[in-house]
Amino acid sequence: MKSILVSFMSGIVFAVGLGVGGMTQPAKVVGFLDFAGNWDPSLAFVMLGAIGVHSLFYRMLRNRSSSRFSLAISLPSRTEIDSRLIGGSVTFGLGWGIAGYCPGPALTSLASGNSSAVIVSVAMIAGIFAFDLRRVLSAREVSTENTSGQVTEDM
Amino acid sequence: MENFTPVASLMGGILIGLSASAMLLFNGKIAGISGIVGGLVDLKKNDTLWRAAFVGGLVTGGFILRLFAPQAFEFGIVRSGGALALAGFMVGLGARVANGCTSGHGVCGISRFSVRSIVATVIFIAAGAAAVYVVNHLLGGII
């Protein structure tokens with residue numbers, strides 16, 4: 001139960017951080033990506049702050065075998081640069097540049113009451129679920145055929 | 001650069017970093033938004049609840065912003081509903097295919113010095129810049 005509370009509180013802090021940092025304003029995201037125009041480097045400072053803090057805490061965790069709540073630590077182990085990583089990132093990046101929302105700010109903006117934000121967020125959830133429904137269904141097919149299951153690792 | 005907000009953006013980033021760190025240190029989980037949402041599709045004991053709680057926290061945080069800082073939701077660009085729907089779908093699908101988005105690769109992955117995440121981040125920023133170039137400089141800022 002403690003871990004569920006930490007998840008909920010972390011979600012709140014994450015959303016407030018996105019809002020304070022400017023990530024929930026599409027014009028600001030587009031401004032950051034507009035290198036040929038009136039470039040606004042603000043969002044680089046969001047990344048700087050987040051990576052600065054998180055890389056320090058990550059160092060604290062490296063020698064631990066489980067979390068402070070004695071839960072398993074699930075870190076991605078993949079290293080390959082494959083067509084999925086590249087194609088997925090291109091698709092995500094194009095959508096991000098057009099709409100001005102990445103997933104966290106889109107979900108946070110569900111609370112904004114702004115219809116444009118809600119359209120992006122609902123469509124984004126549909127895109128995520130399209131992928132994961134296919135993943136779950138194909139994993140079931142594989143398991144009913146009694147062969148080894150597909151292993152996917154989430155970031 | 002009249003909209004440059006380095007201090008607020010740095011503060012926001014620090015909050016995001018603290019949130020991601022709490023998820024990892026206490027729960028052993030990566031705060032990758034697209035992956036957290038995607039995992040909601042298969043209902044599993046000891047897995048679904050923390051995901052739902054995090055997403056619920058995001059939306060609750062959104063309501064807190066709406067209450068105390070509604071300017072955080074200023075839209076500020078001109079986009080048709082169709083463009084937004086298509087782009088939103090691409091954001092969700094692309095992030096899942098790439099196994100991560102701005103949070104999973106851009107923050108958590110880079111913090112672990114993962115080359116895969118650094119490559120993904122460079123690619124999605126470049127693709128985003130290409131899309132913005134087309135929209136802002138070839139289409140006059142409207143799509």
# chains A, B, ... in the order shown; residues from 1 in each chain; ligands from 1
>>> residues_around(residues="segment 14-23 of chain A", least_positions_apart="5", cutoff="6 Å", atoms="only C-alpha atoms", output="list of chain:residue names")
A:Val46, A:Thr108, B:Ala8, B:Ser9, B:Gly12, B:Leu15, B:Ile16, B:Ser19, B:Leu58, B:Gly61, B:Ala72
>>> residues_around(residues="Ser74 of chain A", least_positions_apart="2", cutoff="8 Å", atoms="only C-alpha atoms", output="PyMOL selection string")
(chain A and resi 72+76) or (chain B and resi 28-30)
>>> write_last_selection(atoms="C-alpha atoms", output="PDB file, in the first residue's frame")
ATOM      1  CA  ALA A  72      12.333  -5.863  -7.279  1.00  0.00           C
ATOM      2  CA  PRO A  76      15.712  -2.145 -18.964  1.00  0.00           C
TER       3      PRO A  76
ATOM      4  CA  GLY B  28      11.934  -0.094  -8.223  1.00  0.00           C
ATOM      5  CA  LYS B  29      10.056   1.231 -11.255  1.00  0.00           C
ATOM      6  CA  ILE B  30      11.061   3.414 -14.191  1.00  0.00           C
TER       7      ILE B  30
END
>>> atom_distance(atom1="atom CA of Gly87 of chain A", atom2="atom CA of Asn99 of chain B")
11.1 Å
>>> closest_atom_pairs(of="segment 18-104 of chain B", to="segment 109-131 of chain A", cutoff="6 Å", atoms="only C-alpha atoms", output="Markdown table")
| residue | atom | partner | partner_atom | distance |
| --- | --- | --- | --- | --- |
| B:Gly38 | CA | A:Ile128 | CA | 5.7 |
| B:Val59 | CA | A:Ala111 | CA | 5.8 |
| B:Gly62 | CA | A:Ala111 | CA | 5.1 |
| B:Phe63 | CA | A:Ala111 | CA | 5.2 |
| B:Arg66 | CA | A:Ser112 | CA | 6.0 |
| B:Leu84 | CA | A:Val120 | CA | 5.4 |
| B:Ala85 | CA | A:Ala123 | CA | 5.3 |
| B:Gly88 | CA | A:Met124 | CA | 4.4 |
| B:Phe89 | CA | A:Met124 | CA | 4.5 |
| B:Val91 | CA | A:Met124 | CA | 5.9 |
| B:Gly92 | CA | A:Met124 | CA | 4.4 |
| B:Leu93 | CA | A:Gly127 | CA | 4.3 |
>>> atom_distance(atom1="atom CA of Ser3 of chain A", atom2="atom CA of Phe26 of chain B")
6.9 Å
>>> closest_residue(among="B:Ile14, B:Met23, B:Leu138, B:Val119", to="Tyr58 of chain A", atoms="only C-alpha atoms")
B:Met23
>>> closest_residue(among="A:Val136, A:Leu85, A:Leu71, A:Cys102", to="Ser117 of chain B", atoms="only C-alpha atoms")
A:Leu85
>>> select_by_dssp(residues="chain A", states="alpha helix (DSSP H)", output="NGL selection string")
:A and (2-21 or 26-33 or 42-61 or 83-99 or 103-108 or 115-144)
>>> residues_around(residues="segment 88-97 of chain A", least_positions_apart="2", cutoff="6 Å", atoms="only C-alpha atoms", output="list in words")
Arg84, Leu85, Ile86, Ala99, Gly100, Tyr101 and Cys102 of chain A; Ala87, Met90, Val91, Gly94, Ala95, Val97, Ala98, Ala120, Phe124, Ala127, Gly128, Ala131 and Val132 of chain B
>>> atom_distance(atom1="atom CA of Val7 of chain B", atom2="atom CA of Ser42 of chain A")
8.6 Å
>>> residues_around(residues="Asn136 of chain B", least_positions_apart="4", cutoff="12 Å", atoms="only C-alpha atoms", output="list in words")
Ala27, Val30, Gly31, Leu33, Asp34, Phe35, Ala36, Gly37, Asn38, Trp39, Gly97 and Ile98 of chain A; Ile77, Val78, Arg79, Gly128, Ala129, Ala130, Ala131, Val132, Gly140, Gly141, Ile142 and Ile143 of chain B
>>> residues_around(residues="Phe45 of chain A", least_positions_apart="4", cutoff="7 Å", atoms="only C-alpha atoms", output="VMD selection string")
(chain A and resid 49) or (chain B and resid 6 9 to 10 13)
>>> closest_residue(among="B:Ala53, B:Ala69, B:Ala31, B:Ile118", to="chain A", atoms="only C-alpha atoms")
B:Ala53
>>> closest_residue(among="A:Arg68, A:Arg62, A:Leu43, A:Leu75", to="Pro26 of chain A", atoms="only C-alpha atoms")
A:Leu43
